[in-house]
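Asker: Sharing work.cif here; it has mmCIF, C-alpha atoms and all ligand atoms.
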data_protein
loop_
_atom_site.label_atom_id
_atom_site.label_comp_id
_atom_site.auth_asym_id
_atom_site.auth_seq_id
_atom_site.Cartn_x
_atom_site.Cartn_y
_atom_site.Cartn_z
CA MET A 953 24.35 -7.92 16.76
CA ARG A 954 21.24 -10.05 17.04
CA GLU A 955 21.64 -13.76 16.41
CA THR A 956 19.82 -14.65 13.17
CA LYS A 957 21.38 -18.02 12.41
CA THR A 958 18.10 -19.83 11.84
CA SER A 959 16.89 -17.17 9.39
CA ARG A 960 20.11 -17.50 7.46
CA GLU A 961 19.75 -21.27 7.33
CA LEU A 962 16.14 -21.02 6.20
CA PHE A 963 17.07 -18.48 3.54
CA ALA A 964 19.74 -20.81 2.15
CA ARG A 965 17.12 -23.54 1.99
CA ALA A 966 14.46 -21.24 0.48
CA LEU A 967 16.86 -20.27 -2.30
CA GLN A 968 16.70 -23.85 -3.54
CA SER A 969 12.96 -23.71 -4.13
CA LEU A 970 11.81 -20.09 -4.45
CA PRO A 971 13.18 -17.46 -6.88
CA GLY A 972 15.47 -15.34 -4.72
CA GLY A 973 14.25 -17.28 -1.69
CA VAL A 974 11.03 -15.27 -1.45
CA ASN A 975 7.48 -15.04 -2.72
CA SER A 976 7.53 -11.27 -3.33
CA PRO A 977 10.72 -9.43 -4.37
CA VAL A 978 11.12 -6.61 -1.80
CA ARG A 979 11.18 -9.23 0.98
CA ALA A 980 14.58 -10.41 -0.26
CA PHE A 981 16.37 -7.33 1.22
CA GLY A 982 17.80 -6.67 -2.26
CA SER A 983 18.10 -2.93 -1.78
CA VAL A 984 19.44 -2.99 1.77
CA GLY A 985 21.64 -6.08 1.58
CA GLY A 986 21.87 -8.89 4.10
CA THR A 987 19.61 -11.85 4.69
CA PRO A 988 15.84 -11.49 5.10
CA LEU A 989 14.39 -12.52 8.42
CA PHE A 990 12.01 -15.43 8.65
CA PHE A 991 9.21 -14.91 11.12
CA GLU A 992 7.63 -17.33 13.49
CA ARG A 993 4.67 -15.29 14.71
CA GLY A 994 3.15 -11.87 15.11
CA GLU A 995 1.94 -10.50 18.47
CA GLY A 996 0.22 -7.12 18.45
CA ALA A 997 2.80 -4.53 17.42
CA TYR A 998 5.60 -7.13 17.27
CA LEU A 999 6.99 -9.70 14.89
CA VAL A 1000 9.03 -12.54 16.39
CA ASP A 1001 11.63 -14.14 14.14
CA VAL A 1002 12.63 -17.80 14.02
CA ASP A 1003 15.60 -17.07 16.32
CA GLY A 1004 13.29 -15.58 18.95
CA ASN A 1005 14.16 -11.89 18.32
CA ARG A 1006 11.29 -9.42 18.75
CA TYR A 1007 10.80 -6.41 16.50
CA VAL A 1008 8.36 -3.52 16.66
CA ASP A 1009 6.76 -3.94 13.25
CA HIS A 1010 6.10 -0.85 11.16
CA VAL A 1011 5.51 -2.83 7.96
CA LEU A 1012 2.40 -4.64 9.20
CA SER A 1013 2.10 -6.88 6.16
CA TRP A 1014 2.54 -3.81 3.95
CA GLY A 1015 -0.24 -1.93 5.64
CA ALA A 1016 -2.87 -4.66 5.86
CA LEU A 1017 -2.79 -5.17 9.63
CA ILE A 1018 -4.33 -2.06 11.13
CA LEU A 1019 -5.35 -3.99 14.28
CA GLY A 1020 -1.81 -5.30 14.68
CA HIS A 1021 -0.80 -8.96 14.51
CA ALA A 1022 -3.05 -11.77 15.67
CA ASP A 1023 -5.60 -9.50 17.32
CA ALA A 1024 -7.47 -11.79 19.73
CA GLY A 1025 -10.98 -10.63 18.79
CA ALA A 1026 -10.31 -10.90 15.06
CA MET A 1027 -8.66 -14.32 15.48
CA ASP A 1028 -11.75 -15.61 17.33
CA GLU A 1029 -14.02 -14.37 14.57
CA ILE A 1030 -11.84 -15.87 11.85
CA ALA A 1031 -11.64 -19.17 13.75
CA GLU A 1032 -15.42 -19.24 14.01
CA ALA A 1033 -15.74 -18.65 10.25
CA LEU A 1034 -13.04 -21.24 9.56
CA ARG A 1035 -15.00 -23.96 11.33
CA ARG A 1036 -17.78 -23.44 8.80
CA GLY A 1037 -15.46 -23.87 5.80
CA THR A 1038 -12.92 -21.88 3.84
CA SER A 1039 -14.70 -21.31 0.54
CA PHE A 1040 -18.13 -22.01 -0.84
CA GLY A 1041 -17.63 -20.75 -4.39
CA ALA A 1042 -21.11 -19.31 -3.90
CA PRO A 1043 -22.59 -16.27 -2.14
CA CYS A 1044 -22.23 -15.89 1.63
CA ARG A 1045 -23.67 -13.42 4.15
CA ASP A 1046 -20.44 -11.68 5.17
CA GLU A 1047 -19.61 -10.48 1.67
CA ILE A 1048 -22.72 -8.30 1.77
CA GLU A 1049 -21.87 -6.65 5.08
CA LEU A 1050 -18.29 -6.05 4.01
CA ALA A 1051 -19.51 -4.44 0.77
CA GLU A 1052 -22.06 -2.34 2.69
CA ARG A 1053 -19.40 -1.10 5.07
CA ILE A 1054 -17.11 -0.14 2.21
CA ARG A 1055 -19.95 1.73 0.46
CA THR A 1056 -20.84 3.60 3.63
CA ALA A 1057 -17.22 4.59 4.23
CA MET A 1058 -16.60 5.62 0.60
CA PRO A 1059 -19.86 6.88 -0.88
CA SER A 1060 -18.30 7.19 -4.36
CA ILE A 1061 -18.49 3.38 -4.42
CA GLU A 1062 -22.06 2.50 -5.35
CA LEU A 1063 -21.38 -1.04 -6.54
CA LEU A 1064 -18.28 -3.15 -5.97
CA ARG A 1065 -16.77 -6.51 -6.71
CA MET A 1066 -14.52 -8.45 -4.34
CA VAL A 1067 -11.33 -9.99 -5.72
CA ASN A 1068 -8.25 -11.57 -4.15
CA SER A 1069 -5.51 -8.96 -4.38
CA GLY A 1070 -4.81 -5.33 -5.15
CA THR A 1071 -3.27 -6.31 -8.47
CA GLU A 1072 -6.46 -8.06 -9.48
CA ALA A 1073 -8.57 -5.10 -8.36
CA VAL A 1074 -6.56 -2.66 -10.49
CA MET A 1075 -6.47 -4.93 -13.53
CA SER A 1076 -10.24 -5.37 -13.40
CA ALA A 1077 -11.00 -1.69 -12.74
CA LEU A 1078 -8.92 -0.70 -15.77
CA ARG A 1079 -10.84 -3.15 -17.94
CA VAL A 1080 -14.13 -1.63 -16.81
CA ALA A 1081 -12.82 1.92 -17.36
CA ARG A 1082 -11.83 1.05 -20.91
CA ALA A 1083 -15.13 -0.66 -21.59
CA HIS A 1084 -17.15 2.22 -20.18
CA THR A 1085 -15.37 4.94 -22.13
CA GLY A 1086 -14.67 2.93 -25.29
CA ARG A 1087 -11.11 4.31 -25.05
CA SER A 1088 -7.83 2.45 -24.67
CA LYS A 1089 -5.25 4.80 -23.17
CA ILE A 1090 -4.47 5.05 -19.50
CA ILE A 1091 -2.47 7.71 -17.68
CA LYS A 1092 -0.47 6.63 -14.66
CA PHE A 1093 2.20 8.43 -12.63
CA GLN A 1094 5.91 7.80 -12.46
CA GLY A 1095 6.73 6.04 -9.20
CA CYS A 1096 3.16 4.94 -8.47
CA TYR A 1097 2.73 1.20 -8.11
CA HIS A 1098 -0.55 -0.46 -8.95
CA GLY A 1099 0.33 -4.14 -8.69
CA HIS A 1100 2.09 -6.31 -11.22
CA ALA A 1101 -0.44 -6.52 -14.07
CA ASP A 1102 1.39 -6.13 -17.40
CA LEU A 1103 -0.17 -2.84 -18.39
CA MET A 1104 0.85 -1.18 -15.12
CA LEU A 1105 4.52 -2.19 -15.16
CA VAL A 1106 5.70 1.10 -16.58
CA ARG A 1107 7.75 3.39 -14.39
CA ALA A 1108 6.30 1.66 -11.35
CA GLY A 1109 7.45 2.25 -7.78
CA SER A 1110 7.84 -0.21 -4.89
CA GLY A 1111 9.70 -3.42 -5.77
CA VAL A 1112 10.15 -2.41 -9.39
CA ALA A 1113 11.92 0.75 -8.27
CA THR A 1114 13.81 -1.12 -5.59
CA LEU A 1115 15.24 -3.49 -8.14
CA GLY A 1116 16.04 -0.65 -10.51
CA LEU A 1117 14.01 -2.24 -13.31
CA PRO A 1118 12.45 0.43 -15.51
CA ASP A 1119 10.05 -2.15 -16.86
CA SER A 1120 9.85 -5.91 -16.77
CA PRO A 1121 10.96 -8.34 -19.44
CA GLY A 1122 7.99 -10.45 -20.43
CA VAL A 1123 5.72 -7.44 -20.84
CA PRO A 1124 5.18 -7.11 -24.59
CA PRO A 1125 5.61 -3.51 -25.81
CA ALA A 1126 2.10 -3.63 -27.28
CA THR A 1127 0.65 -4.27 -23.82
CA VAL A 1128 2.01 -1.00 -22.46
CA ALA A 1129 1.70 1.02 -25.66
CA ASP A 1130 -1.47 2.60 -24.28
CA THR A 1131 -0.03 3.37 -20.85
CA LEU A 1132 1.04 7.02 -20.67
CA VAL A 1133 3.13 8.30 -17.80
CA ALA A 1134 2.71 11.64 -16.02
CA ARG A 1135 4.58 13.25 -13.15
CA TYR A 1136 3.18 13.05 -9.62
CA ASN A 1137 2.07 16.37 -8.14
CA ASP A 1138 2.21 17.95 -11.61
CA PRO A 1139 -1.27 18.53 -13.09
CA GLU A 1140 0.34 20.20 -16.12
CA SER A 1141 1.93 16.91 -17.14
CA VAL A 1142 -1.54 15.29 -17.08
CA SER A 1143 -3.14 18.11 -18.97
CA SER A 1144 -0.58 17.89 -21.79
CA LEU A 1145 -1.08 14.15 -22.14
CA LEU A 1146 -4.85 14.57 -22.25
CA GLU A 1147 -4.53 17.28 -24.88
CA ALA A 1148 -2.09 15.28 -26.96
CA ASN A 1149 -4.43 12.27 -26.91
CA PRO A 1150 -7.91 13.74 -27.45
CA ASP A 1151 -10.83 11.37 -26.77
CA GLN A 1152 -8.39 8.49 -26.26
CA VAL A 1153 -7.74 8.40 -22.52
CA ALA A 1154 -10.03 6.04 -20.61
CA THR A 1155 -8.79 6.84 -17.14
CA VAL A 1156 -6.19 8.52 -14.98
CA ILE A 1157 -5.08 6.13 -12.23
CA VAL A 1158 -3.33 7.55 -9.19
CA GLU A 1159 -2.26 6.63 -5.69
CA PRO A 1160 -4.00 9.57 -3.99
CA VAL A 1161 -1.29 9.47 -1.35
CA ALA A 1162 1.76 7.84 -2.89
CA GLY A 1163 3.23 5.03 -0.81
CA ASN A 1164 5.36 3.20 -3.33
CA MET A 1165 8.10 5.76 -3.97
CA GLY A 1166 8.43 6.36 -0.28
CA PHE A 1167 5.56 8.34 1.25
CA ILE A 1168 4.61 11.38 -0.83
CA ALA A 1169 1.46 13.31 -0.03
CA PRO A 1170 -0.47 15.05 -2.80
CA GLU A 1171 0.21 18.76 -2.90
CA ASP A 1172 -2.72 21.10 -2.35
CA GLY A 1173 -4.96 21.07 -5.39
CA PHE A 1174 -3.28 18.11 -7.14
CA LEU A 1175 -6.14 15.66 -6.68
CA SER A 1176 -8.83 18.23 -7.42
CA SER A 1177 -6.99 19.20 -10.63
CA LEU A 1178 -7.09 15.56 -11.65
CA ARG A 1179 -10.81 15.56 -10.99
CA ASP A 1180 -11.35 18.65 -13.14
CA LEU A 1181 -9.06 17.54 -15.96
CA THR A 1182 -10.58 14.07 -16.27
CA THR A 1183 -14.10 15.48 -16.26
CA GLN A 1184 -13.19 18.05 -18.93
CA HIS A 1185 -11.68 15.37 -21.16
CA GLY A 1186 -14.33 12.69 -20.66
CA ALA A 1187 -11.89 10.37 -18.88
CA LEU A 1188 -12.55 8.55 -15.62
CA LEU A 1189 -10.65 9.23 -12.42
CA LEU A 1190 -9.46 6.06 -10.68
CA PHE A 1191 -8.12 6.29 -7.15
CA ASP A 1192 -5.97 3.30 -6.29
CA GLU A 1193 -6.65 3.14 -2.56
CA VAL A 1194 -5.27 -0.37 -2.08
CA MET A 1195 -2.86 1.13 0.44
CA THR A 1196 -4.73 4.24 1.59
CA GLY A 1197 -8.23 2.76 1.97
CA PHE A 1198 -9.14 2.48 5.69
CA ARG A 1199 -5.54 3.51 6.35
CA VAL A 1200 -5.24 7.29 5.95
CA GLY A 1201 -8.71 7.79 7.41
CA PRO A 1202 -12.14 6.17 7.62
CA GLY A 1203 -13.06 7.27 4.10
CA GLY A 1204 -9.64 6.69 2.53
CA ALA A 1205 -7.80 9.47 0.74
CA GLN A 1206 -10.98 10.48 -1.07
CA GLY A 1207 -12.58 11.23 2.29
CA LEU A 1208 -9.50 12.96 3.61
CA TYR A 1209 -9.02 15.26 0.63
CA GLY A 1210 -12.68 15.59 -0.38
CA VAL A 1211 -12.16 14.55 -4.00
CA THR A 1212 -14.59 12.04 -5.53
CA PRO A 1213 -13.21 9.54 -8.04
CA ASP A 1214 -15.32 7.57 -10.53
CA LEU A 1215 -13.66 4.28 -9.69
CA THR A 1216 -11.71 3.07 -6.65
CA THR A 1217 -9.56 0.04 -5.95
CA ILE A 1218 -8.96 -1.17 -2.40
CA GLY A 1219 -7.26 -4.11 -0.70
CA LYS A 1220 -4.95 -4.70 2.28
CA VAL A 1221 -6.95 -3.50 5.36
CA ILE A 1222 -10.30 -4.75 3.98
CA GLY A 1223 -8.88 -8.29 4.09
CA GLY A 1224 -7.50 -8.04 7.63
CA GLY A 1225 -4.37 -9.96 6.52
CA LEU A 1226 -6.13 -12.45 4.25
CA PRO A 1227 -5.99 -12.08 0.44
CA VAL A 1228 -8.70 -9.60 -0.54
CA GLY A 1229 -9.06 -6.73 -2.98
CA ALA A 1230 -12.08 -4.92 -4.38
CA PHE A 1231 -12.92 -2.49 -7.13
CA GLY A 1232 -15.99 -0.35 -7.35
CA GLY A 1233 -17.41 3.03 -8.17
CA ARG A 1234 -20.25 4.75 -9.94
CA ARG A 1235 -23.23 2.49 -10.50
CA ASP A 1236 -23.50 3.24 -14.23
CA ILE A 1237 -19.88 2.18 -14.71
CA MET A 1238 -19.99 -0.88 -12.45
CA GLU A 1239 -23.22 -2.08 -14.10
CA ARG A 1240 -21.04 -3.06 -17.03
CA VAL A 1241 -19.48 -5.86 -14.96
CA ALA A 1242 -20.73 -9.42 -15.61
CA PRO A 1243 -23.32 -10.75 -14.97
CA LEU A 1244 -25.09 -7.36 -15.11
CA GLY A 1245 -23.08 -6.29 -18.14
CA PRO A 1246 -20.66 -7.68 -20.70
CA VAL A 1247 -17.30 -6.92 -19.01
CA TYR A 1248 -16.00 -10.29 -17.88
CA GLN A 1249 -14.48 -10.59 -14.42
CA ALA A 1250 -14.60 -13.64 -12.15
CA GLY A 1251 -12.78 -15.47 -9.34
CA THR A 1252 -12.95 -18.94 -7.79
CA LEU A 1253 -12.15 -17.69 -4.29
CA SER A 1254 -13.56 -14.16 -4.59
CA GLY A 1255 -15.68 -13.18 -1.58
CA ASN A 1256 -14.81 -16.38 0.29
CA PRO A 1257 -16.27 -16.51 3.81
CA LEU A 1258 -12.92 -16.68 5.60
CA ALA A 1259 -11.41 -13.59 3.99
CA MET A 1260 -14.70 -11.70 4.25
CA ARG A 1261 -14.84 -12.39 7.98
CA ALA A 1262 -11.24 -11.27 8.46
CA GLY A 1263 -12.09 -8.01 6.70
CA LEU A 1264 -15.31 -7.51 8.63
CA ALA A 1265 -13.66 -8.21 11.97
CA THR A 1266 -11.17 -5.46 11.09
CA LEU A 1267 -13.59 -2.85 9.80
CA ARG A 1268 -16.00 -3.31 12.71
CA ARG A 1269 -13.21 -2.48 15.12
CA LEU A 1270 -12.45 0.70 13.24
CA ASP A 1271 -15.93 1.98 14.19
CA ALA A 1272 -14.79 2.61 17.77
CA THR A 1273 -15.13 6.25 18.80
CA GLY A 1274 -11.92 8.23 18.57
CA ILE A 1275 -10.03 5.46 16.83
CA TRP A 1276 -8.89 7.56 13.88
CA SER A 1277 -7.62 10.51 15.88
CA ASP A 1278 -5.88 8.03 18.12
CA LEU A 1279 -4.20 6.28 15.17
CA GLU A 1280 -3.24 9.61 13.70
CA ASN A 1281 -1.64 10.75 16.96
CA ARG A 1282 0.27 7.50 17.36
CA THR A 1283 1.55 7.80 13.80
CA ARG A 1284 2.61 11.43 14.23
CA ALA A 1285 4.41 10.41 17.39
CA VAL A 1286 6.51 7.95 15.37
CA THR A 1287 7.47 10.61 12.82
CA THR A 1288 8.26 13.00 15.67
CA VAL A 1289 10.69 10.63 17.37
CA LEU A 1290 12.40 9.90 14.04
CA SER A 1291 12.67 13.60 13.35
CA GLU A 1292 14.01 14.43 16.81
CA ALA A 1293 16.63 11.70 16.65
CA ALA A 1294 17.75 12.90 13.21
CA GLN A 1295 17.98 16.52 14.34
CA HIS A 1296 19.90 15.54 17.42
CA GLU A 1297 22.54 13.81 15.27
CA GLY A 1298 22.50 16.39 12.47
CA VAL A 1299 21.09 13.88 9.97
CA PRO A 1300 18.81 15.43 7.33
CA ILE A 1301 15.25 14.13 7.38
CA GLN A 1302 11.85 14.79 5.79
CA VAL A 1303 8.90 13.19 7.57
CA ALA A 1304 5.20 13.08 6.75
CA SER A 1305 2.10 11.11 7.65
CA ALA A 1306 -1.58 10.73 6.85
CA GLY A 1307 -3.80 8.77 9.24
CA ALA A 1308 -1.93 5.59 10.16
CA MET A 1309 0.55 5.73 7.27
CA PHE A 1310 3.87 7.57 7.36
CA GLY A 1311 7.17 7.96 5.62
CA PHE A 1312 10.57 9.56 5.88
CA PHE A 1313 13.40 10.42 3.56
CA LEU A 1314 16.89 10.96 4.98
CA GLU A 1315 17.34 13.96 2.73
CA GLU A 1316 17.75 17.75 2.95
CA GLU A 1317 14.99 18.74 0.53
CA PRO A 1318 11.30 17.82 0.43
CA ILE A 1319 10.50 15.16 -2.19
CA LEU A 1320 7.41 15.60 -4.32
CA ASP A 1321 7.75 13.06 -7.11
CA TRP A 1322 9.72 10.16 -8.51
CA ASP A 1323 12.48 12.37 -9.91
CA GLY A 1324 13.15 13.47 -6.35
CA ALA A 1325 12.66 10.01 -4.81
CA LYS A 1326 15.04 8.23 -7.15
CA ARG A 1327 17.88 10.49 -6.05
CA VAL A 1328 17.70 9.39 -2.40
CA ASP A 1329 20.89 8.12 -0.84
CA ARG A 1330 20.11 4.40 -0.92
CA GLU A 1331 23.29 3.47 0.89
CA ARG A 1332 22.46 5.77 3.82
CA PHE A 1333 18.97 4.29 3.98
CA ALA A 1334 20.41 0.75 3.99
CA ARG A 1335 22.69 1.57 6.93
CA PHE A 1336 19.80 3.17 8.81
CA PHE A 1337 17.53 0.21 8.08
CA HIS A 1338 20.05 -2.31 9.44
CA ALA A 1339 20.81 -0.21 12.50
CA MET A 1340 17.08 0.01 13.29
CA LEU A 1341 16.66 -3.72 12.73
CA ASP A 1342 19.50 -4.44 15.08
CA GLN A 1343 17.77 -2.27 17.69
CA GLY A 1344 14.52 -4.21 17.27
CA VAL A 1345 12.53 -2.11 14.81
CA TYR A 1346 11.35 -3.64 11.55
CA LEU A 1347 10.97 -1.06 8.78
CA ALA A 1348 10.32 -1.80 5.12
CA PRO A 1349 13.62 -2.93 3.57
CA SER A 1350 13.57 -0.24 0.89
CA PRO A 1351 13.53 3.57 0.81
CA PHE A 1352 10.63 3.35 -1.67
CA GLU A 1353 8.01 2.10 0.77
CA ALA A 1354 5.77 3.64 3.40
CA GLY A 1355 5.56 2.86 7.12
CA PHE A 1356 2.43 1.84 9.01
CA VAL A 1357 1.07 2.02 12.55
CA SER A 1358 -1.57 -0.22 14.12
CA MET A 1359 -3.94 -0.01 17.05
CA ALA A 1360 -1.53 -2.26 18.93
CA HIS A 1361 1.30 0.30 18.77
CA GLY A 1362 1.40 2.13 22.10
CA PRO A 1363 3.79 4.21 24.23
CA GLN A 1364 6.02 1.23 24.97
CA GLU A 1365 6.64 0.58 21.28
CA LEU A 1366 7.22 4.28 20.71
CA ASP A 1367 9.96 4.17 23.35
CA VAL A 1368 11.61 1.28 21.50
CA VAL A 1369 11.50 3.25 18.22
CA ALA A 1370 12.86 6.40 19.90
CA ALA A 1371 15.77 4.54 21.48
CA ALA A 1372 16.50 2.67 18.24
CA ALA A 1373 16.36 5.86 16.18
CA ALA A 1374 18.81 7.60 18.54
CA VAL A 1375 21.34 4.81 17.96
CA ALA A 1376 20.64 4.41 14.22
CA MET A 1377 20.84 8.13 13.44
CA GLY A 1378 24.13 8.23 15.32
CA ALA A 1379 25.34 5.32 13.21
CA ILE A 1380 24.63 7.07 9.91
CA ARG A 1381 25.85 10.54 10.92
CA THR A 1382 28.37 11.67 8.35
N1 LIG B 1401 -1.97 -0.73 -5.58
C1 LIG B 1401 -1.26 -0.17 -4.60
C2 LIG B 1401 -1.39 1.30 -4.35
C3 LIG B 1401 -0.43 -0.95 -3.80
O1 LIG B 1401 0.28 -0.37 -2.82
C4 LIG B 1401 -0.34 -2.34 -4.06
C5 LIG B 1401 0.55 -3.19 -3.24
O2 LIG B 1401 1.32 -2.76 -2.46
C6 LIG B 1401 -1.10 -2.87 -5.09
C7 LIG B 1401 -1.91 -2.05 -5.83
C8 LIG B 1401 -1.05 -4.34 -5.39
O3 LIG B 1401 -1.67 -5.05 -4.38
P1 LIG B 1401 -1.33 -6.62 -4.16
O4 LIG B 1401 0.07 -6.68 -3.68
O5 LIG B 1401 -2.36 -7.05 -3.15
O6 LIG B 1401 -1.53 -7.29 -5.48
#
Rewrite the structure from the file as structure tokens, please.
Ligand code: PLP
Answerer:
Amino acid sequence: MRETKTSRELFARALQSLPGGVNSPVRAFGSVGGTPLFFERGEGAYLVDVDGNRYVDHVLSWGALILGHADAGAMDEIAEALRRGTSFGAPCRDEIELAERIRTAMPSIELLRMVNSGTEAVMSALRVARAHTGRSKIIKFQGCYHGHADLMLVRAGSGVATLGLPDSPGVPPATVADTLVARYNDPESVSSLLEANPDQVATVIVEPVAGNMGFIAPEDGFLSSLRDLTTQHGALLLFDEVMTGFRVGPGGAQGLYGVTPDLTTIGKVIGGGLPVGAFGGRRDIMERVAPLGPVYQAGTLSGNPLAMRAGLATLRRLDATGIWSDLENRTRAVTTVLSEAAQHEGVPIQVASAGAMFGFFLEEEPILDWDGAKRVDRERFARFFHAMLDQGVYLAPSPFEAGFVSMAHGPQELDVVAAAAAVAMGAIRT
């Protein structure tokens, strides 16, 4: 066993000041048990904890760090921006280039607004969708997570699923009365809701590749059905690409699957590890946002020069020739070693990936939606998670999360994962 005494001491101290000792619930290891690790620093593909243990990191700040930790080039750029100040509360040059790069990568985004988190991006995009359509209802999918805004805390995935909370206390029923819930990968469930609520649905919001009930890819035709159904019913299609944007491919899931949404939310990678989100889409819709239009949305730190530079430093690096096929191959290699180790030990496994995002379920049958995901053997996952951790691989501490690969993950790290998986699969063999 690795020595984690300092983490345990810090956790005991953190519990005195922070709810559950953490600043975001999944970090508390609630669904896998044990004490969360406290980290001292990140170095490329590795996280180093406060006791000096090194881990190959496949969480990467929940997908944000596609360059890996503390990339030297990005750190130099951020340091240069830092010397000129952290926030102006006024326009700066870098916010334009970051916006231009996002528009070029995702042509469905004609105008966009920078915010400070994915939650904020979703909350704001939903407001605009409602304003544009003059309708109140929203369709979301069971098991999809769109941040912690009140109106999205209905059958959400990620931490909400991890904690087994169907909803959250503190969300007034009236706030979610207009949030309808459909089944992922089931266009019929969307069609019935649209028909039962004629001219009332403002938008259908979806994670185009689900990453918050484990990794679940859209089945063939699912996203294009959503496009057709929303168009037929005068509703907007909102792709929440906070996780998938600049992660499953250069043009996000919309580029990968060739389906064009009306509105998109992004975050994570576009902030290079600093707090950034953005929402954008069709010009006629986004023209409703203040000061062009009457839909109010604002932010003290939105578009601040430090976060914009961190995002730019990241996106510029993703221009390199061959980078996406390289990331895709490295990611597939991770799923392959997990799969091989499982097969070798007779452990059931389902693996999948898109771009630099992957997932696995230690189950016999493929999982297509939340009904399938919620039946996973959580105890088996917890044992696997701890065995991997002990072998130096940091996976998300919940079966309802995705895994991520960065440009810093190379053959050496793959060897660590392969060796760890061989031991961990052996440990959970039944
Ligand atoms: N939307 C999706 C698809 C996400 O995965 C997340 C976070 O994981 C969010 C929204 C919320 O983003 P944030 O945690 O930056 O508020």
Asker: Could you give me, as a list in words, the residues within 12 Å of Pro1170 of chain A, counting all atoms listed in the file and dropping anything in the same chain fewer than 3 positions from it?
Answerer: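 The filter keeps Arg1135, Tyr1136, Asn1137, Asp1138, Pro1139, Val1158, Glu1159, Pro1160, Val1161, Ala1162, Gly1163, Phe1167, Gly1173, Phe1174, Leu1175, Ser1176, Ser1177, Leu1178, Ala1205, Gln1206, Leu1208, Tyr1209, Val1211, Ala1304, Ser1305, Ala1306, Ile1319, Leu1320 and Asp1321 of chain A.
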Asker: Calculated over only C-alpha atoms, which of the candidates A:Tyr1097, A:Phe1336, A:Tyr1248, A:Phe990 has the smallest distance to Lys957 of chain A?
Answerer: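 Counting only C-alpha atoms, the residue closest to Lys957 of chain A is A:Phe990.
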Asker: Please compute the atom O3 of ligand LIG 1401 (chain B)-atom CA of Arg1199 of chain A distance, one decimal, in Å.
Answerer: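 We find that atom O3 of ligand LIG 1401 (chain B) and atom CA of Arg1199 of chain A lie 14.3 Å from each other.
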Asker: Would you compute an axis-aligned box for ligand LIG 1401 (chain B), covering every atom listed for it in the file with 5 Å of margin on each side, and report centre and edge lengths in Å to one decimal as JSON?
Answerer:
{"center_x": -0.5, "center_y": -3.0, "center_z": -4.1, "size_x": 13.7, "size_y": 18.6, "size_z": 13.4}
Asker: Give the answer as one residue: which of A:Gly1251, A:Gly996, A:Gly1201, A:Gly1355 has the shortest atom-to-atom distance to Met1027 of chain A, using all atoms listed in the file?
Answerer: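 That would be A:Gly996, the residue with the smallest distance to Met1027 of chain A.
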Asker: Could you list, as a list in words, all residues that come within 7 Å of ligand LIG 1401 (chain B)? Count all atoms listed in the file.
Answerer: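 Taking all atoms listed in the file into account, the residues around ligand LIG 1401 (chain B) at most 7 Å away are Trp1014, Ser1069, Gly1070, Thr1071, Glu1072, Val1074, Tyr1097, His1098, Gly1099, His1100, Glu1159, Gly1163, Asn1164, Asp1192, Glu1193, Val1194, Met1195, Gly1219, Lys1220 and Gly1229 of chain A.
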Asker: Find the distance between atom CA of Thr958 of chain A and atom CA of Gln1343 of chain A and write it in Å to one decimal.
Answerer: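 Between atom CA of Thr958 of chain A and atom CA of Gln1343 of chain A the gap is 18.5 Å.
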Asker: At a cut-off of 12 Å from (8.0, -6.4, 14.8) in the coordinates of the file, what residues are picked up using all atoms listed in the file, written as a tab-separated table (two decimals) with C-alpha atoms, in the coordinates of the input?
Answerer:
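File result_6.tsv, as written:
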chain	number	residue	atom	x	y	z
A	989	LEU	CA	14.39	-12.52	8.42
A	990	PHE	CA	12.01	-15.43	8.65
A	991	PHE	CA	9.21	-14.91	11.12
A	992	GLU	CA	7.63	-17.33	13.49
A	993	ARG	CA	4.67	-15.29	14.71
A	994	GLY	CA	3.15	-11.87	15.11
A	995	GLU	CA	1.94	-10.50	18.47
A	996	GLY	CA	0.22	-7.12	18.45
A	997	ALA	CA	2.80	-4.53	17.42
A	998	TYR	CA	5.60	-7.13	17.27
A	999	LEU	CA	6.99	-9.70	14.89
A	1000	VAL	CA	9.03	-12.54	16.39
A	1001	ASP	CA	11.63	-14.14	14.14
A	1004	GLY	CA	13.29	-15.58	18.95
A	1005	ASN	CA	14.16	-11.89	18.32
A	1006	ARG	CA	11.29	-9.42	18.75
A	1007	TYR	CA	10.80	-6.41	16.50
A	1008	VAL	CA	8.36	-3.52	16.66
A	1009	ASP	CA	6.76	-3.94	13.25
A	1010	HIS	CA	6.10	-0.85	11.16
A	1011	VAL	CA	5.51	-2.83	7.96
A	1012	LEU	CA	2.40	-4.64	9.20
A	1013	SER	CA	2.10	-6.88	6.16
A	1020	GLY	CA	-1.81	-5.30	14.68
A	1021	HIS	CA	-0.80	-8.96	14.51
A	1340	MET	CA	17.08	0.01	13.29
A	1341	LEU	CA	16.66	-3.72	12.73
A	1342	ASP	CA	19.50	-4.44	15.08
A	1343	GLN	CA	17.77	-2.27	17.69
A	1344	GLY	CA	14.52	-4.21	17.27
A	1345	VAL	CA	12.53	-2.11	14.81
A	1346	TYR	CA	11.35	-3.64	11.55
A	1347	LEU	CA	10.97	-1.06	8.78
A	1348	ALA	CA	10.32	-1.80	5.12
A	1356	PHE	CA	2.43	1.84	9.01
A	1357	VAL	CA	1.07	2.02	12.55
A	1358	SER	CA	-1.57	-0.22	14.12
A	1360	ALA	CA	-1.53	-2.26	18.93
A	1361	HIS	CA	1.30	0.30	18.77
A	1365	GLU	CA	6.64	0.58	21.28
A	1368	VAL	CA	11.61	1.28	21.50
A	1369	VAL	CA	11.50	3.25	18.22
